[in-house]
file coords_19.cif (mmCIF, C-alpha atoms)
data_data
#
loop_
_atom_site.group_PDB
_atom_site.id
_atom_site.type_symbol
_atom_site.label_atom_id
_atom_site.label_comp_id
_atom_site.auth_asym_id
_atom_site.auth_seq_id
_atom_site.Cartn_x
_atom_site.Cartn_y
_atom_site.Cartn_z
ATOM 1 C CA MET A 372 76.961 133.505 80.724
ATOM 2 C CA LEU A 373 77.676 133.033 84.418
ATOM 3 C CA ASN A 374 74.897 130.429 84.706
ATOM 4 C CA LEU A 375 76.311 128.512 81.731
ATOM 5 C CA LYS A 376 79.774 128.570 83.314
ATOM 6 C CA ILE A 377 78.461 127.259 86.625
ATOM 7 C CA ALA A 378 76.282 124.675 84.904
ATOM 8 C CA ALA A 379 79.126 123.428 82.686
ATOM 9 C CA GLN A 380 81.516 123.185 85.636
ATOM 10 C CA GLU A 381 78.888 121.423 87.768
ATOM 11 C CA ILE A 382 78.138 118.949 84.991
ATOM 12 C CA TRP A 383 81.820 118.240 84.365
ATOM 13 C CA GLN A 384 82.784 117.897 88.029
ATOM 14 C CA GLY A 385 79.624 116.168 89.188
ATOM 15 C CA PHE A 386 79.793 113.399 86.646
ATOM 16 C CA HIS A 387 83.530 112.966 87.197
ATOM 17 C CA TRP A 388 82.833 112.568 90.920
ATOM 18 C CA SER A 389 80.187 109.993 90.037
ATOM 19 C CA PHE A 390 82.712 108.268 87.773
ATOM 20 C CA PHE A 391 85.258 108.012 90.583
ATOM 21 C CA ILE A 392 82.670 106.752 93.086
ATOM 22 C CA ASN A 393 81.784 103.995 90.625
ATOM 23 C CA ILE A 394 85.469 103.169 90.203
ATOM 24 C CA GLN A 395 85.842 102.933 93.991
ATOM 25 C CA GLY A 396 82.940 100.454 94.050
ATOM 26 C CA LEU A 397 84.544 98.584 91.160
ATOM 27 C CA ILE A 398 87.764 98.224 93.164
ATOM 28 C CA ILE A 399 85.834 96.803 96.128
ATOM 29 C CA CYS A 400 83.946 94.329 93.908
ATOM 30 C CA LEU A 401 87.091 93.142 92.161
ATOM 31 C CA ARG A 402 88.896 92.598 95.448
ATOM 32 C CA ARG A 403 85.915 90.590 96.674
ATOM 33 C CA PHE A 404 85.819 88.747 93.329
ATOM 34 C CA GLU A 405 89.430 87.677 93.832
ATOM 35 C CA LEU A 406 88.754 86.543 97.395
ATOM 36 C CA GLU A 407 85.674 84.523 96.408
ATOM 37 C CA LEU A 408 87.504 82.996 93.452
ATOM 38 C CA ARG A 409 90.438 81.934 95.651
ATOM 39 C CA GLU A 410 87.994 80.393 98.123
ATOM 40 C CA GLY A 411 86.244 78.510 95.338
ATOM 41 C CA ASN A 412 82.932 80.264 95.914
ATOM 42 C CA LEU A 413 81.985 80.595 92.250
ATOM 43 C CA PRO A 414 78.388 81.818 92.741
ATOM 44 C CA GLN A 415 79.583 84.725 94.889
ATOM 45 C CA ALA A 416 82.537 85.389 92.565
ATOM 46 C CA LYS A 417 80.025 85.628 89.722
ATOM 47 C CA THR A 418 77.908 88.087 91.724
ATOM 48 C CA GLU A 419 80.948 90.276 92.361
ATOM 49 C CA LEU A 420 81.899 90.208 88.679
ATOM 50 C CA GLN A 421 78.300 91.048 87.689
ATOM 51 C CA THR A 422 78.321 93.992 90.070
ATOM 52 C CA ALA A 423 81.724 95.112 88.795
ATOM 53 C CA THR A 424 80.293 94.990 85.265
ATOM 54 C CA LYS A 425 77.387 97.232 86.267
ATOM 55 C CA LEU A 426 79.753 99.682 87.933
ATOM 56 C CA MET A 427 81.926 99.754 84.814
ATOM 57 C CA LEU A 428 78.846 100.494 82.692
ATOM 58 C CA ALA A 429 77.814 103.232 85.136
ATOM 59 C CA SER A 430 81.320 104.698 84.866
ATOM 60 C CA GLY A 431 80.996 104.829 81.090
ATOM 61 C CA ALA A 432 77.611 106.529 81.386
ATOM 62 C CA ALA A 433 79.046 109.074 83.847
ATOM 63 C CA MET A 434 81.840 109.768 81.364
ATOM 64 C CA GLN A 435 79.312 110.383 78.603
ATOM 65 C CA LEU A 436 77.238 112.675 80.821
ATOM 66 C CA ALA A 437 80.315 114.646 81.868
ATOM 67 C CA GLY A 438 80.885 115.320 78.198
ATOM 68 C CA SER A 439 77.338 116.462 77.526
ATOM 69 C CA ILE A 440 78.423 120.104 77.457
ATOM 70 C CA SER A 441 79.255 121.888 74.229
ATOM 71 C CA PRO A 442 82.781 121.912 72.807
ATOM 72 C CA GLU A 443 82.733 125.709 73.116
ATOM 73 C CA LEU A 444 81.999 125.578 76.855
ATOM 74 C CA TYR A 445 84.620 122.880 77.302
ATOM 75 C CA GLU A 446 87.263 124.998 75.586
ATOM 76 C CA ALA A 447 86.281 128.245 77.298
ATOM 77 C CA GLN A 448 85.507 127.001 80.802
ATOM 78 C CA ILE A 449 86.442 123.387 81.567
ATOM 79 C CA ARG A 450 89.882 122.943 80.001
ATOM 80 C CA PRO A 451 91.239 126.157 81.604
ATOM 81 C CA SER A 452 89.930 124.955 84.999
ATOM 82 C CA MET A 453 92.269 121.937 84.737
ATOM 83 C CA MET A 454 95.367 124.087 84.204
ATOM 84 C CA PRO A 455 97.389 126.347 86.506
ATOM 85 C CA PRO A 456 96.557 128.387 88.477
ATOM 86 C CA HIS A 457 93.418 126.289 89.115
ATOM 87 C CA VAL A 458 95.473 123.110 89.612
ATOM 88 C CA LYS A 459 99.087 122.741 90.695
ATOM 89 C CA SER A 460 100.185 120.442 87.880
ATOM 90 C CA HIS A 461 100.871 121.491 84.305
ATOM 91 C CA ASP A 462 100.003 117.980 83.122
ATOM 92 C CA PHE A 463 96.794 117.359 85.059
ATOM 93 C CA SER A 464 95.121 114.024 84.334
ATOM 94 C CA GLY A 465 92.826 111.420 85.814
ATOM 95 C CA LEU A 466 95.917 109.205 85.680
ATOM 96 C CA MET A 467 97.006 111.063 88.819
ATOM 97 C CA SER A 468 94.088 109.787 90.920
ATOM 98 C CA TRP A 469 94.600 107.123 93.530
ATOM 99 C CA GLU A 470 91.612 105.257 92.072
ATOM 100 C CA HIS A 471 93.344 104.896 88.729
ATOM 101 C CA SER A 472 96.541 103.649 90.323
ATOM 102 C CA VAL A 473 94.767 101.100 92.508
ATOM 103 C CA LEU A 474 92.547 99.856 89.677
ATOM 104 C CA ILE A 475 95.428 99.292 87.255
ATOM 105 C CA LYS A 476 97.446 97.523 89.953
ATOM 106 C CA LEU A 477 94.418 95.353 90.758
ATOM 107 C CA TRP A 478 93.836 94.489 87.084
ATOM 108 C CA LYS A 479 97.480 93.426 86.784
ATOM 109 C CA GLN A 480 97.080 91.309 89.912
ATOM 110 C CA LEU A 481 93.877 89.723 88.542
ATOM 111 C CA ARG A 482 95.307 88.981 85.111
ATOM 112 C CA PRO A 483 96.257 85.352 85.979
ATOM 113 C CA TYR A 484 92.756 84.792 87.367
ATOM 114 C CA PHE A 485 91.136 86.233 84.230
ATOM 115 C CA ALA A 486 93.395 84.025 82.090
ATOM 116 C CA ASN A 487 92.301 80.868 83.916
ATOM 117 C CA LEU A 488 88.653 81.421 84.793
ATOM 118 C CA PRO A 489 86.370 78.478 85.426
ATOM 119 C CA ILE A 490 83.904 77.889 82.600
ATOM 120 C CA GLU A 491 81.068 78.997 84.905
ATOM 121 C CA LEU A 492 82.450 82.557 84.862
ATOM 122 C CA LYS A 493 83.400 82.891 81.189
ATOM 123 C CA ALA A 494 80.146 84.498 80.010
ATOM 124 C CA GLN A 495 80.106 86.984 82.872
ATOM 125 C CA HIS A 496 83.761 87.760 82.256
ATOM 126 C CA GLN A 497 82.987 88.594 78.626
ATOM 127 C CA GLU A 498 80.256 90.988 79.800
ATOM 128 C CA PHE A 499 82.834 92.598 82.099
ATOM 129 C CA VAL A 500 85.288 93.008 79.196
ATOM 130 C CA ASP A 501 82.503 94.438 77.027
ATOM 131 C CA ALA A 502 81.667 96.911 79.810
ATOM 132 C CA TYR A 503 85.304 98.033 79.873
ATOM 133 C CA LEU A 504 85.241 98.492 76.097
ATOM 134 C CA TYR A 505 82.083 100.610 76.515
ATOM 135 C CA LEU A 506 83.842 102.741 79.133
ATOM 136 C CA ALA A 507 86.917 103.134 76.934
ATOM 137 C CA SER A 508 84.838 104.050 73.881
ATOM 138 C CA SER A 509 82.841 106.548 75.966
ATOM 139 C CA HIS A 510 86.062 108.214 77.098
ATOM 140 C CA ARG A 511 87.363 108.267 73.531
ATOM 141 C CA ALA A 512 84.122 109.781 72.189
ATOM 142 C CA ILE A 513 84.256 112.616 74.728
ATOM 143 C CA CYS A 514 87.903 113.268 73.946
ATOM 144 C CA GLN A 515 87.116 113.262 70.241
ATOM 145 C CA LYS A 516 84.168 115.628 70.768
ATOM 146 C CA PHE A 517 86.481 118.127 72.438
ATOM 147 C CA GLY A 518 89.151 118.063 69.720
ATOM 148 C CA GLY A 519 91.236 115.097 70.799
ATOM 149 C CA GLU A 520 91.861 113.999 67.219
ATOM 150 C CA GLU A 521 93.636 117.271 66.457
ATOM 151 C CA THR A 522 95.350 118.037 69.763
ATOM 152 C CA GLY A 523 96.963 116.424 72.734
ATOM 153 C CA SER A 524 95.616 116.131 76.223
ATOM 154 C CA LEU A 525 96.822 118.247 79.120
ATOM 155 C CA ARG A 526 99.196 115.436 80.088
ATOM 156 C CA PHE A 527 100.339 114.385 76.611
ATOM 157 C CA GLU A 528 100.355 117.682 74.724
ATOM 158 C CA ARG A 529 102.536 116.481 71.845
ATOM 159 C CA SER A 530 100.485 113.361 71.089
ATOM 160 C CA CYS A 531 97.082 112.902 69.524
ATOM 161 C CA ALA A 532 94.814 112.484 72.550
ATOM 162 C CA VAL A 533 92.522 109.837 71.041
ATOM 163 C CA GLU A 534 95.518 107.797 69.877
ATOM 164 C CA VAL A 535 96.888 107.854 73.438
ATOM 165 C CA LEU A 536 93.494 106.708 74.751
ATOM 166 C CA ASP A 537 93.371 103.926 72.149
ATOM 167 C CA ALA A 538 96.821 102.710 73.240
ATOM 168 C CA PHE A 539 95.751 102.802 76.899
ATOM 169 C CA ALA A 540 92.592 100.833 76.064
ATOM 170 C CA ARG A 541 94.550 98.123 74.237
ATOM 171 C CA SER A 542 97.044 97.834 77.084
ATOM 172 C CA ARG A 543 94.419 97.720 79.818
ATOM 173 C CA CYS A 544 92.272 95.259 77.936
ATOM 174 C CA GLN A 545 95.221 92.856 77.974
ATOM 175 C CA PHE A 546 95.056 92.880 81.797
ATOM 176 C CA ILE A 547 91.381 91.998 81.997
ATOM 177 C CA ASN A 548 91.154 89.847 78.867
ATOM 178 C CA PRO A 549 94.555 88.136 78.593
ATOM 179 C CA GLU A 550 93.236 85.225 76.496
ATOM 180 C CA THR A 551 92.815 87.475 73.471
ATOM 181 C CA THR A 552 95.118 90.002 71.901
ATOM 182 C CA SER A 553 93.892 93.506 71.187
ATOM 183 C CA SER A 554 94.050 94.824 67.679
#
call {"tool": "encode", "arguments": {"input": "coords_19.cif", "output": "structure tokens"}}
result
Amino acid sequence: MLNLKIAAQEIWQGFHWSFFINIQGLIICLRRFELELREGNLPQAKTELQTATKLMLASGAAMQLAGSISPELYEAQIRPSMMPPHVKSHDFSGLMSWEHSVLIKLWKQLRPYFANLPIELKAQHQEFVDAYLYLASSHRAICQKFGGEETGSLRFERSCAVEVLDAFARSRCQFINPETTSS
């Protein structure tokens, strides 16, 4: 059982670390995207958005791989590792990471750019939005796998975890795809 515990923890942590590294790269690409867009360098802006799309897809894949453990191992080993005394907060969440904060702030900042993209970037922008939807659905599927339809998350104990994720996805999609409304 010890090897399963170590393996589950390594899988969970390792792929979350990979997820956050991809998000850090995504932040860099989106900042460069904004700079190139402001300078009118559309070919380079497109390259940055393409790279950001790939990093978003990689983040979704990392999320899926983090959740490749069994629900039993998650409940017995992983969830308790995200609660006191293993962490200081009673409502531990990825929302607490600096990467999350910076990315959401950046998406809000980019919203006017996304709303008024040149036609040359529209197709790539749609691929970027689709990559976000893949990431969001990957996160939702992992949450659902580990009981998120019946229980709350560590941070939102009294709410249905997948419903909270769905609300977050709709809200965040409005930042990166302001021309359409989420349903």
call {"tool": "resolve_selection", "arguments": {"input": "coords_19.cif", "expression": "the PyMOL selection byres ((chain A and resi 506) around 12)", "output": "ChimeraX atom specification"}}
result
/A:390,393-394,424-435,499-505,507-513,536-537,540,543-544
call {"tool": "atom_distance", "arguments": {"input": "coords_19.cif", "atom1": "CA of Ser468 (chain A)", "atom2": "CA of Trp383 (chain A)"}}
result
16.3 Å
call {"tool": "residues_around", "arguments": {"input": "coords_19.cif", "residues": "Leu492 (chain A)", "least_positions_apart": "6", "cutoff": "10 Å", "atoms": "all atoms listed in the file", "output": "count of residues only"}}
result
9
call {"tool": "residues_around", "arguments": {"input": "coords_19.cif", "residues": "Leu474 (chain A)", "least_positions_apart": "3", "cutoff": "8 Å", "atoms": "only C-alpha atoms", "output": "list in words"}}
result
Ile394, Ile398, Glu470, His471, Leu477 and Trp478 of chain A
call {"tool": "closest_residue", "arguments": {"input": "coords_19.cif", "among": "A:Asn487, A:Thr422, A:Gln415, A:Ser472", "to": "Glu550 (chain A)", "atoms": "all atoms listed in the file"}}
result
A:Asn487
call {"tool": "atom_distance", "arguments": {"input": "coords_19.cif", "atom1": "CA of Glu381 (chain A)", "atom2": "CA of Glu446 (chain A)"}}
result
15.2 Å
call {"tool": "resolve_selection", "arguments": {"input": "coords_19.cif", "expression": "the PyMOL selection byres ((chain A and resi 519) around 10)", "output": "number ranges by chain"}}
result
A: 511-518, 520-524, 530-536
call {"tool": "closest_residue", "arguments": {"input": "coords_19.cif", "among": "A:Trp469, A:Glu419, A:Asn412, A:Gln380", "to": "Leu397 (chain A)", "atoms": "only C-alpha atoms"}}
result
A:Glu419
call {"tool": "closest_residue", "arguments": {"input": "coords_19.cif", "among": "A:Ile440, A:Met453, A:Leu406, A:Leu401", "to": "Phe386 (chain A)", "atoms": "all atoms listed in the file"}}
result
A:Ile440
call {"tool": "closest_residue", "arguments": {"input": "coords_19.cif", "among": "A:Ile392, A:Ile547, A:Ala379, A:Ala538", "to": "Ser452 (chain A)", "atoms": "all atoms listed in the file"}}
result
A:Ala379
call {"tool": "atom_distance", "arguments": {"input": "coords_19.cif", "atom1": "CA of Lys479 (chain A)", "atom2": "CA of Ala494 (chain A)"}}
result
20.6 Å
call {"tool": "closest_residue", "arguments": {"input": "coords_19.cif", "among": "A:Gln384, A:Phe539, A:Ser389, A:Pro489", "to": "Gln448 (chain A)", "atoms": "only C-alpha atoms"}}
result
A:Gln384
call {"tool": "closest_residue", "arguments": {"input": "coords_19.cif", "among": "A:Pro442, A:Pro451, A:Pro456, A:Pro549", "to": "Leu481 (chain A)", "atoms": "all atoms listed in the file"}}
result
A:Pro549
call {"tool": "build_atoms", "arguments": {"input": "coords_19.cif", "residues": "region 415-430 of chain A", "atoms": "N, CA and C atoms", "output": "PDB file, keeping the file's coordinate frame"}}
result
ATOM      1  N   GLN A 415      79.332  83.381  94.364  1.00  0.00           N
ATOM      2  CA  GLN A 415      79.583  84.725  94.889  1.00  0.00           C
ATOM      3  C   GLN A 415      80.607  85.467  94.028  1.00  0.00           C
ATOM      4  N   ALA A 416      81.589  84.756  93.480  1.00  0.00           N
ATOM      5  CA  ALA A 416      82.537  85.389  92.565  1.00  0.00           C
ATOM      6  C   ALA A 416      81.790  85.940  91.347  1.00  0.00           C
ATOM      7  N   LYS A 417      80.827  85.173  90.859  1.00  0.00           N
ATOM      8  CA  LYS A 417      80.025  85.628  89.722  1.00  0.00           C
ATOM      9  C   LYS A 417      79.230  86.879  90.088  1.00  0.00           C
ATOM     10  N   THR A 418      78.656  86.908  91.265  1.00  0.00           N
ATOM     11  CA  THR A 418      77.908  88.087  91.724  1.00  0.00           C
ATOM     12  C   THR A 418      78.803  89.314  91.781  1.00  0.00           C
ATOM     13  N   GLU A 419      80.011  89.146  92.290  1.00  0.00           N
ATOM     14  CA  GLU A 419      80.948  90.276  92.361  1.00  0.00           C
ATOM     15  C   GLU A 419      81.337  90.751  90.968  1.00  0.00           C
ATOM     16  N   LEU A 420      81.536  89.826  90.043  1.00  0.00           N
ATOM     17  CA  LEU A 420      81.899  90.208  88.679  1.00  0.00           C
ATOM     18  C   LEU A 420      80.708  90.879  87.972  1.00  0.00           C
ATOM     19  N   GLN A 421      79.499  90.399  88.241  1.00  0.00           N
ATOM     20  CA  GLN A 421      78.300  91.048  87.689  1.00  0.00           C
ATOM     21  C   GLN A 421      78.178  92.481  88.200  1.00  0.00           C
ATOM     22  N   THR A 422      78.412  92.653  89.478  1.00  0.00           N
ATOM     23  CA  THR A 422      78.321  93.992  90.070  1.00  0.00           C
ATOM     24  C   THR A 422      79.418  94.889  89.520  1.00  0.00           C
ATOM     25  N   ALA A 423      80.621  94.341  89.382  1.00  0.00           N
ATOM     26  CA  ALA A 423      81.724  95.112  88.795  1.00  0.00           C
ATOM     27  C   ALA A 423      81.378  95.537  87.372  1.00  0.00           C
ATOM     28  N   THR A 424      80.717  94.665  86.634  1.00  0.00           N
ATOM     29  CA  THR A 424      80.293  94.990  85.265  1.00  0.00           C
ATOM     30  C   THR A 424      79.323  96.164  85.271  1.00  0.00           C
ATOM     31  N   LYS A 425      78.363  96.136  86.176  1.00  0.00           N
ATOM     32  CA  LYS A 425      77.387  97.232  86.267  1.00  0.00           C
ATOM     33  C   LYS A 425      78.071  98.541  86.649  1.00  0.00           C
ATOM     34  N   LEU A 426      79.024  98.473  87.538  1.00  0.00           N
ATOM     35  CA  LEU A 426      79.753  99.682  87.933  1.00  0.00           C
ATOM     36  C   LEU A 426      80.605 100.214  86.781  1.00  0.00           C
ATOM     37  N   MET A 427      81.156  99.325  85.974  1.00  0.00           N
ATOM     38  CA  MET A 427      81.926  99.754  84.814  1.00  0.00           C
ATOM     39  C   MET A 427      81.002 100.442  83.805  1.00  0.00           C
ATOM     40  N   LEU A 428      79.813  99.866  83.592  1.00  0.00           N
ATOM     41  CA  LEU A 428      78.846 100.494  82.692  1.00  0.00           C
ATOM     42  C   LEU A 428      78.405 101.859  83.223  1.00  0.00           C
ATOM     43  N   ALA A 429      78.193 101.948  84.532  1.00  0.00           N
ATOM     44  CA  ALA A 429      77.814 103.232  85.136  1.00  0.00           C
ATOM     45  C   ALA A 429      78.940 104.254  84.983  1.00  0.00           C
ATOM     46  N   SER A 430      80.176 103.804  85.059  1.00  0.00           N
ATOM     47  CA  SER A 430      81.320 104.698  84.866  1.00  0.00           C
ATOM     48  C   SER A 430      81.348 105.243  83.443  1.00  0.00           C
TER      49      SER A 430
END
